[in-house]
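Undergrad: My questions all concern the structure below.
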Amino acid sequence: MPYVATVLRVMIASPSDVPEARDAVEKAVHGWNDANARNKGVILQPWRWETSAVPVMGAHPQKLINAQGVDDSDIVFALFGGRLGSPTPDAISGTAEEVDRALELGKPVHLYFSTAPLPNDIDTAQLDALRAFKKGMQDRGLLGEFNNPEQLNHEVWKAIEHDIVALKLDSTPAAQSQPSGVDFLVQPHQEREVSGMNSKGAPRYTTKRWLDVSNTGSADAENVTFEAIHDGYMILFGSKEPTTIHKGQSRRLPVQYAAGGSDGARLRIRWTEGGEDKDCDFHVG
């Protein structure tokens, strides 16, 4: 069924050493669309220069990327691993120039720095430049970190939710019309916490993961049960007894994903609405 939505362009910026992180952001954007586009009346369109930029002559490549990517984007995600990137005529690197331009234009900019182990053949000059850049950015806002694509997925969802509120998109016609009946919204979350110390006195970390299941509709959902589809990808914890999720209420479901990540994980929700039994599957990977 057609619906009215606001389309936001999301630019993904980074040097060349974090391709998996770039893919993770794009995957998170598509996942957010699958879960929220109709309900919130917002569609996110990822933009990456290597797949979205139009080849054209007439200026330095970075200026063309700025014009096609940064200027027309609504949200910018910038990712860094162990490199700052190649210099441009106007900045210390292309990604740094994109960040500065987006900030000057008043766009929401989210910077994330990888905490994953660096390769043995790391370019130390690039690493030093990146550390200096990061230090300078610390005085201009809050910086984020990620250790793996799964954690970055969570960070991207959190940033998107923040931006939609900040951009006041809840006033769109699609957002104003509350879905009739039961309407579930499923959002994955994770949080890293200290679980002890190793033999050298350094902290050990564990990651807690959960799903927030919200009833954003206009009716109560009774006899609600949850089931992990493809158990090899995700395990659900907690009570298996049926519950009621009233309109506007949420439930937290602790989960654990397979070692390979959450790809393919799906949640099946069954409930009773107006005396009729219903069910729906949600992709959470």
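Convention: chains lettered A, B, ... in structure tokens order; per-chain residue numbering from 1; ligands numbered from 1 as shown.
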Considering only strand (DSSP E) as DSSP defines it on the backbone, what residues of range 34-147 of chain A qualify? List them as JSON, numbers by chain.
TA: {"A": [42, 43, 44, 45, 46, 47, 75, 76, 77, 78, 79, 80, 109, 110, 111, 112, 113, 114, 144, 145, 146]}
Undergrad: Just the residues within 12 Å of Thr51 in chain A, please, counting only C-alpha atoms, with nothing from its chain fewer than 3 positions along; format it as number ranges by chain.
TA: A: 11-12, 22-23, 26, 46-48, 54-55, 65, 69
Undergrad: Skipping near chain neighbours, those fewer than 2 positions away, what residues fall within 10 Å of range 249-258 of chain A using only C-alpha atoms, listed as a PDB file with N, CA, C and O atoms, in the first residue's frame?
TA:
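File written: part28.pdb
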```
ATOM      1  N   PHE A 184       3.681  -3.241  15.779  1.00  0.00           N
ATOM      2  CA  PHE A 184       4.912  -3.473  16.525  1.00  0.00           C
ATOM      3  C   PHE A 184       6.103  -2.817  15.846  1.00  0.00           C
ATOM      4  O   PHE A 184       6.233  -2.834  14.616  1.00  0.00           O
ATOM      5  N   LEU A 185       6.979  -2.263  16.676  1.00  0.00           N
ATOM      6  CA  LEU A 185       8.268  -1.726  16.241  1.00  0.00           C
ATOM      7  C   LEU A 185       9.348  -2.483  17.009  1.00  0.00           C
ATOM      8  O   LEU A 185       9.337  -2.515  18.240  1.00  0.00           O
ATOM      9  N   VAL A 186      10.290  -3.117  16.286  1.00  0.00           N
ATOM     10  CA  VAL A 186      11.347  -3.913  16.901  1.00  0.00           C
ATOM     11  C   VAL A 186      12.686  -3.247  16.613  1.00  0.00           C
ATOM     12  O   VAL A 186      13.055  -3.036  15.454  1.00  0.00           O
ATOM     13  N   GLN A 187      13.422  -2.906  17.677  1.00  0.00           N
ATOM     14  CA  GLN A 187      14.709  -2.227  17.533  1.00  0.00           C
ATOM     15  C   GLN A 187      15.795  -2.963  18.313  1.00  0.00           C
ATOM     16  O   GLN A 187      15.633  -3.213  19.511  1.00  0.00           O
ATOM     17  N   PRO A 188      16.912  -3.311  17.646  1.00  0.00           N
ATOM     18  CA  PRO A 188      18.015  -3.977  18.349  1.00  0.00           C
ATOM     19  C   PRO A 188      18.883  -2.969  19.099  1.00  0.00           C
ATOM     20  O   PRO A 188      19.088  -1.844  18.637  1.00  0.00           O
ATOM     21  N   HIS A 189      19.401  -3.380  20.248  1.00  0.00           N
ATOM     22  CA  HIS A 189      20.287  -2.533  21.045  1.00  0.00           C
ATOM     23  C   HIS A 189      21.421  -3.384  21.609  1.00  0.00           C
ATOM     24  O   HIS A 189      21.307  -4.614  21.722  1.00  0.00           O
ATOM     25  N   GLN A 190      22.512  -2.720  21.972  1.00  0.00           N
ATOM     26  CA  GLN A 190      23.585  -3.410  22.668  1.00  0.00           C
ATOM     27  C   GLN A 190      24.353  -2.412  23.519  1.00  0.00           C
ATOM     28  O   GLN A 190      24.333  -1.208  23.277  1.00  0.00           O
ATOM     29  N   THR A 207      29.355  -7.846  26.156  1.00  0.00           N
ATOM     30  CA  THR A 207      28.353  -7.044  25.456  1.00  0.00           C
ATOM     31  C   THR A 207      26.959  -7.590  25.726  1.00  0.00           C
ATOM     32  O   THR A 207      26.697  -8.772  25.473  1.00  0.00           O
ATOM     33  N   LYS A 208      26.099  -6.770  26.290  1.00  0.00           N
ATOM     34  CA  LYS A 208      24.699  -7.121  26.501  1.00  0.00           C
ATOM     35  C   LYS A 208      23.916  -6.727  25.249  1.00  0.00           C
ATOM     36  O   LYS A 208      24.091  -5.625  24.730  1.00  0.00           O
ATOM     37  N   ARG A 209      23.062  -7.607  24.774  1.00  0.00           N
ATOM     38  CA  ARG A 209      22.257  -7.320  23.589  1.00  0.00           C
ATOM     39  C   ARG A 209      20.786  -7.583  23.907  1.00  0.00           C
ATOM     40  O   ARG A 209      20.467  -8.523  24.637  1.00  0.00           O
ATOM     41  N   TRP A 210      19.926  -6.759  23.341  1.00  0.00           N
ATOM     42  CA  TRP A 210      18.502  -6.951  23.569  1.00  0.00           C
ATOM     43  C   TRP A 210      17.705  -6.328  22.419  1.00  0.00           C
ATOM     44  O   TRP A 210      18.224  -5.545  21.622  1.00  0.00           O
ATOM     45  N   LEU A 211      16.448  -6.715  22.354  1.00  0.00           N
ATOM     46  CA  LEU A 211      15.499  -6.143  21.409  1.00  0.00           C
ATOM     47  C   LEU A 211      14.436  -5.393  22.190  1.00  0.00           C
ATOM     48  O   LEU A 211      13.892  -5.917  23.162  1.00  0.00           O
ATOM     49  N   ASP A 212      14.155  -4.172  21.775  1.00  0.00           N
ATOM     50  CA  ASP A 212      13.023  -3.437  22.321  1.00  0.00           C
ATOM     51  C   ASP A 212      11.835  -3.638  21.389  1.00  0.00           C
ATOM     52  O   ASP A 212      11.903  -3.282  20.202  1.00  0.00           O
ATOM     53  N   VAL A 213      10.749  -4.209  21.909  1.00  0.00           N
ATOM     54  CA  VAL A 213       9.543  -4.429  21.120  1.00  0.00           C
ATOM     55  C   VAL A 213       8.485  -3.462  21.627  1.00  0.00           C
ATOM     56  O   VAL A 213       8.056  -3.549  22.784  1.00  0.00           O
ATOM     57  N   SER A 214       8.072  -2.519  20.780  1.00  0.00           N
ATOM     58  CA  SER A 214       7.105  -1.485  21.171  1.00  0.00           C
ATOM     59  C   SER A 214       5.816  -1.652  20.388  1.00  0.00           C
ATOM     60  O   SER A 214       5.830  -1.944  19.186  1.00  0.00           O
ATOM     61  N   ASN A 215       4.704  -1.465  21.063  1.00  0.00           N
ATOM     62  CA  ASN A 215       3.399  -1.438  20.402  1.00  0.00           C
ATOM     63  C   ASN A 215       3.053   0.020  20.125  1.00  0.00           C
ATOM     64  O   ASN A 215       2.605   0.747  21.009  1.00  0.00           O
ATOM     65  N   THR A 216       3.280   0.453  18.894  1.00  0.00           N
ATOM     66  CA  THR A 216       3.052   1.852  18.522  1.00  0.00           C
ATOM     67  C   THR A 216       1.669   2.075  17.923  1.00  0.00           C
ATOM     68  O   THR A 216       1.376   3.160  17.418  1.00  0.00           O
ATOM     69  N   GLY A 217       0.832   1.052  17.957  1.00  0.00           N
ATOM     70  CA  GLY A 217      -0.495   1.169  17.375  1.00  0.00           C
ATOM     71  C   GLY A 217      -1.521   1.738  18.341  1.00  0.00           C
ATOM     72  O   GLY A 217      -1.183   2.330  19.374  1.00  0.00           O
ATOM     73  N   ASP A 220      -4.443  -2.726  22.159  1.00  0.00           N
ATOM     74  CA  ASP A 220      -3.600  -3.582  22.990  1.00  0.00           C
ATOM     75  C   ASP A 220      -3.363  -4.924  22.301  1.00  0.00           C
ATOM     76  O   ASP A 220      -4.249  -5.454  21.618  1.00  0.00           O
ATOM     77  N   ALA A 221      -2.160  -5.467  22.487  1.00  0.00           N
ATOM     78  CA  ALA A 221      -1.830  -6.796  21.978  1.00  0.00           C
ATOM     79  C   ALA A 221      -1.849  -7.772  23.143  1.00  0.00           C
ATOM     80  O   ALA A 221      -1.100  -7.614  24.105  1.00  0.00           O
ATOM     81  N   PHE A 226       6.996 -14.600  21.776  1.00  0.00           N
ATOM     82  CA  PHE A 226       8.120 -14.309  20.887  1.00  0.00           C
ATOM     83  C   PHE A 226       8.853 -15.604  20.545  1.00  0.00           C
ATOM     84  O   PHE A 226       9.016 -16.487  21.392  1.00  0.00           O
ATOM     85  N   ALA A 228      12.372 -16.990  18.167  1.00  0.00           N
ATOM     86  CA  ALA A 228      13.515 -16.733  17.291  1.00  0.00           C
ATOM     87  C   ALA A 228      13.416 -17.640  16.072  1.00  0.00           C
ATOM     88  O   ALA A 228      13.311 -18.858  16.209  1.00  0.00           O
ATOM     89  N   ASP A 231      17.159 -20.480  14.760  1.00  0.00           N
ATOM     90  CA  ASP A 231      17.792 -20.444  16.080  1.00  0.00           C
ATOM     91  C   ASP A 231      19.308 -20.381  16.013  1.00  0.00           C
ATOM     92  O   ASP A 231      19.968 -19.975  16.964  1.00  0.00           O
ATOM     93  N   GLY A 232      19.888 -20.799  14.881  1.00  0.00           N
ATOM     94  CA  GLY A 232      21.344 -20.732  14.769  1.00  0.00           C
ATOM     95  C   GLY A 232      21.874 -19.330  14.742  1.00  0.00           C
ATOM     96  O   GLY A 232      23.069 -19.101  14.964  1.00  0.00           O
ATOM     97  N   TYR A 233      20.992 -18.359  14.461  1.00  0.00           N
ATOM     98  CA  TYR A 233      21.423 -16.979  14.384  1.00  0.00           C
ATOM     99  C   TYR A 233      21.164 -16.202  15.680  1.00  0.00           C
ATOM    100  O   TYR A 233      21.888 -15.274  16.007  1.00  0.00           O
ATOM    101  N   MET A 234      20.103 -16.546  16.406  1.00  0.00           N
ATOM    102  CA  MET A 234      19.714 -15.747  17.567  1.00  0.00           C
ATOM    103  C   MET A 234      19.020 -16.638  18.594  1.00  0.00           C
ATOM    104  O   MET A 234      18.234 -17.516  18.239  1.00  0.00           O
ATOM    105  N   ILE A 235      19.319 -16.415  19.873  1.00  0.00           N
ATOM    106  CA  ILE A 235      18.675 -17.108  20.982  1.00  0.00           C
ATOM    107  C   ILE A 235      17.987 -16.070  21.856  1.00  0.00           C
ATOM    108  O   ILE A 235      18.585 -15.046  22.205  1.00  0.00           O
ATOM    109  N   LEU A 236      16.727 -16.317  22.204  1.00  0.00           N
ATOM    110  CA  LEU A 236      15.975 -15.436  23.090  1.00  0.00           C
ATOM    111  C   LEU A 236      16.070 -15.934  24.526  1.00  0.00           C
ATOM    112  O   LEU A 236      16.064 -17.136  24.777  1.00  0.00           O
ATOM    113  N   PHE A 237      16.145 -14.986  25.466  1.00  0.00           N
ATOM    114  CA  PHE A 237      16.168 -15.325  26.881  1.00  0.00           C
ATOM    115  C   PHE A 237      14.947 -14.705  27.566  1.00  0.00           C
ATOM    116  O   PHE A 237      14.268 -13.857  27.006  1.00  0.00           O
ATOM    117  N   GLY A 238      14.703 -15.115  28.790  1.00  0.00           N
ATOM    118  CA  GLY A 238      13.587 -14.560  29.538  1.00  0.00           C
ATOM    119  C   GLY A 238      12.380 -15.475  29.515  1.00  0.00           C
ATOM    120  O   GLY A 238      12.393 -16.574  28.959  1.00  0.00           O
ATOM    121  N   SER A 239      11.301 -15.005  30.116  1.00  0.00           N
ATOM    122  CA  SER A 239      10.076 -15.791  30.241  1.00  0.00           C
ATOM    123  C   SER A 239       9.448 -16.066  28.880  1.00  0.00           C
ATOM    124  O   SER A 239       9.448 -15.209  27.997  1.00  0.00           O
ATOM    125  N   THR A 243       2.245 -12.567  27.262  1.00  0.00           N
ATOM    126  CA  THR A 243       2.137 -11.303  27.971  1.00  0.00           C
ATOM    127  C   THR A 243       1.222 -10.375  27.183  1.00  0.00           C
ATOM    128  O   THR A 243       0.867 -10.658  26.035  1.00  0.00           O
ATOM    129  N   THR A 244       0.836  -9.287  27.793  1.00  0.00           N
ATOM    130  CA  THR A 244       0.047  -8.254  27.120  1.00  0.00           C
ATOM    131  C   THR A 244       0.909  -7.010  26.961  1.00  0.00           C
ATOM    132  O   THR A 244       1.537  -6.554  27.924  1.00  0.00           O
ATOM    133  N   ILE A 245       0.950  -6.478  25.764  1.00  0.00           N
ATOM    134  CA  ILE A 245       1.665  -5.224  25.507  1.00  0.00           C
ATOM    135  C   ILE A 245       0.611  -4.188  25.126  1.00  0.00           C
ATOM    136  O   ILE A 245       0.063  -4.206  24.012  1.00  0.00           O
ATOM    137  N   HIS A 246       0.293  -3.321  26.068  1.00  0.00           N
ATOM    138  CA  HIS A 246      -0.703  -2.298  25.814  1.00  0.00           C
ATOM    139  C   HIS A 246      -0.177  -1.274  24.807  1.00  0.00           C
ATOM    140  O   HIS A 246       1.033  -1.149  24.604  1.00  0.00           O
ATOM    141  N   LYS A 247      -1.078  -0.554  24.189  1.00  0.00           N
ATOM    142  CA  LYS A 247      -0.655   0.473  23.239  1.00  0.00           C
ATOM    143  C   LYS A 247       0.258   1.480  23.950  1.00  0.00           C
ATOM    144  O   LYS A 247      -0.019   1.913  25.071  1.00  0.00           O
ATOM    145  N   GLY A 260      28.918 -15.710  14.216  1.00  0.00           N
ATOM    146  CA  GLY A 260      29.068 -15.041  12.923  1.00  0.00           C
ATOM    147  C   GLY A 260      28.334 -13.731  12.819  1.00  0.00           C
ATOM    148  O   GLY A 260      28.396 -13.068  11.792  1.00  0.00           O
ATOM    149  N   GLY A 261      27.599 -13.332  13.873  1.00  0.00           N
ATOM    150  CA  GLY A 261      26.866 -12.075  13.829  1.00  0.00           C
ATOM    151  C   GLY A 261      25.372 -12.312  13.737  1.00  0.00           C
ATOM    152  O   GLY A 261      24.881 -13.442  13.826  1.00  0.00           O
ATOM    153  N   SER A 262      24.631 -11.228  13.549  1.00  0.00           N
ATOM    154  CA  SER A 262      23.172 -11.303  13.592  1.00  0.00           C
ATOM    155  C   SER A 262      22.543 -11.435  12.216  1.00  0.00           C
ATOM    156  O   SER A 262      21.316 -11.399  12.093  1.00  0.00           O
ATOM    157  N   ASP A 263      23.344 -11.578  11.150  1.00  0.00           N
ATOM    158  CA  ASP A 263      22.780 -11.716   9.810  1.00  0.00           C
ATOM    159  C   ASP A 263      21.805 -12.885   9.767  1.00  0.00           C
ATOM    160  O   ASP A 263      22.120 -13.993  10.189  1.00  0.00           O
ATOM    161  N   ALA A 265      19.025 -13.179  11.435  1.00  0.00           N
ATOM    162  CA  ALA A 265      18.200 -13.322  12.634  1.00  0.00           C
ATOM    163  C   ALA A 265      16.833 -12.671  12.410  1.00  0.00           C
ATOM    164  O   ALA A 265      16.731 -11.556  11.917  1.00  0.00           O
ATOM    165  N   GLY A 285      18.647  -8.479  12.053  1.00  0.00           N
ATOM    166  CA  GLY A 285      20.078  -8.548  11.794  1.00  0.00           C
ATOM    167  C   GLY A 285      20.559  -7.382  11.005  1.00  0.00           C
ATOM    168  O   GLY A 285      19.791  -6.558  10.557  1.00  0.00           O
TER     169      GLY A 285
END
```
Undergrad: Could you pull out the alpha helix (DSSP H) residues of range 11-145 of chain A, going by DSSP on the backbone, and write them as JSON, numbers by chain?
TA: {"A": [19, 20, 21, 22, 23, 24, 25, 26, 27, 28, 29, 30, 31, 32, 33, 34, 35, 36, 37, 38, 39, 40, 49, 50, 51, 52, 61, 62, 63, 64, 65, 94, 95, 96, 97, 98, 99, 100, 101, 102, 103, 104, 124, 125, 126, 127, 128, 129, 130, 131, 132, 133, 134, 135, 136, 137]}
Undergrad: Between CA of Glu97 in chain A and CA of Leu84 in chain A, what is the distance in Å, rounded to a tenth?
TA: 10.9 Å
Undergrad: Fewer than 5 positions away in the same chain doesn't count, so skip those; otherwise give me all residues within 9 Å of Leu127 in chain A, counting only C-alpha atoms, as a PyMOL selection string.
TA: chain A and resi 81-84+122+132
Undergrad: With only C-alpha atoms as the counted atoms, please give the residues lying no more than 7 Å from Asn153 in chain A, apart from itself and same-chain residues fewer than 6 positions off, as a PyMOL selection string.
TA: chain A and resi 24-25+28
Undergrad: With N, CA and C atoms retained, write the just-selected residues as a short mmCIF file (atom, residue, chain, number, x, y, z; two decimals), in the first residue's frame.
TA:
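Heads up, here's the output in part.cif:
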```cif
data_model
loop_
_atom_site.label_atom_id
_atom_site.label_comp_id
_atom_site.auth_asym_id
_atom_site.auth_seq_id
_atom_site.Cartn_x
_atom_site.Cartn_y
_atom_site.Cartn_z
N ALA A 24 28.65 -1.69 6.82
CA ALA A 24 27.81 -1.83 8.01
C ALA A 24 26.84 -0.65 8.15
N VAL A 25 27.32 0.55 7.85
CA VAL A 25 26.43 1.72 7.94
C VAL A 25 25.32 1.62 6.91
N ALA A 28 22.85 -0.89 8.04
CA ALA A 28 22.04 -0.37 9.14
C ALA A 28 20.95 0.56 8.63
#
```
Undergrad: In terms of the shortest atom-to-atom distance over only C-alpha atoms, which of A:Val284, A:His60, A:Ala21, A:Gln68 is closest to Phe146 in chain A?
TA: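 Under the stated criterion, the closest residue is A:Ala21.
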Undergrad: Kindly provide the residues of range 50-78 of chain A that approach range 155-171 of chain A to within 10 Å, each paired with its closest atom pair and their distance in Å to one decimal, based on only C-alpha atoms, listed by chain and increasing number, as CSV.
TA:
```
residue,atom,partner,partner_atom,distance
A:Asp74,CA,A:Asp163,CA,9.5
A:Ile75,CA,A:Asp163,CA,8.0
A:Phe77,CA,A:Val156,CA,8.3
```
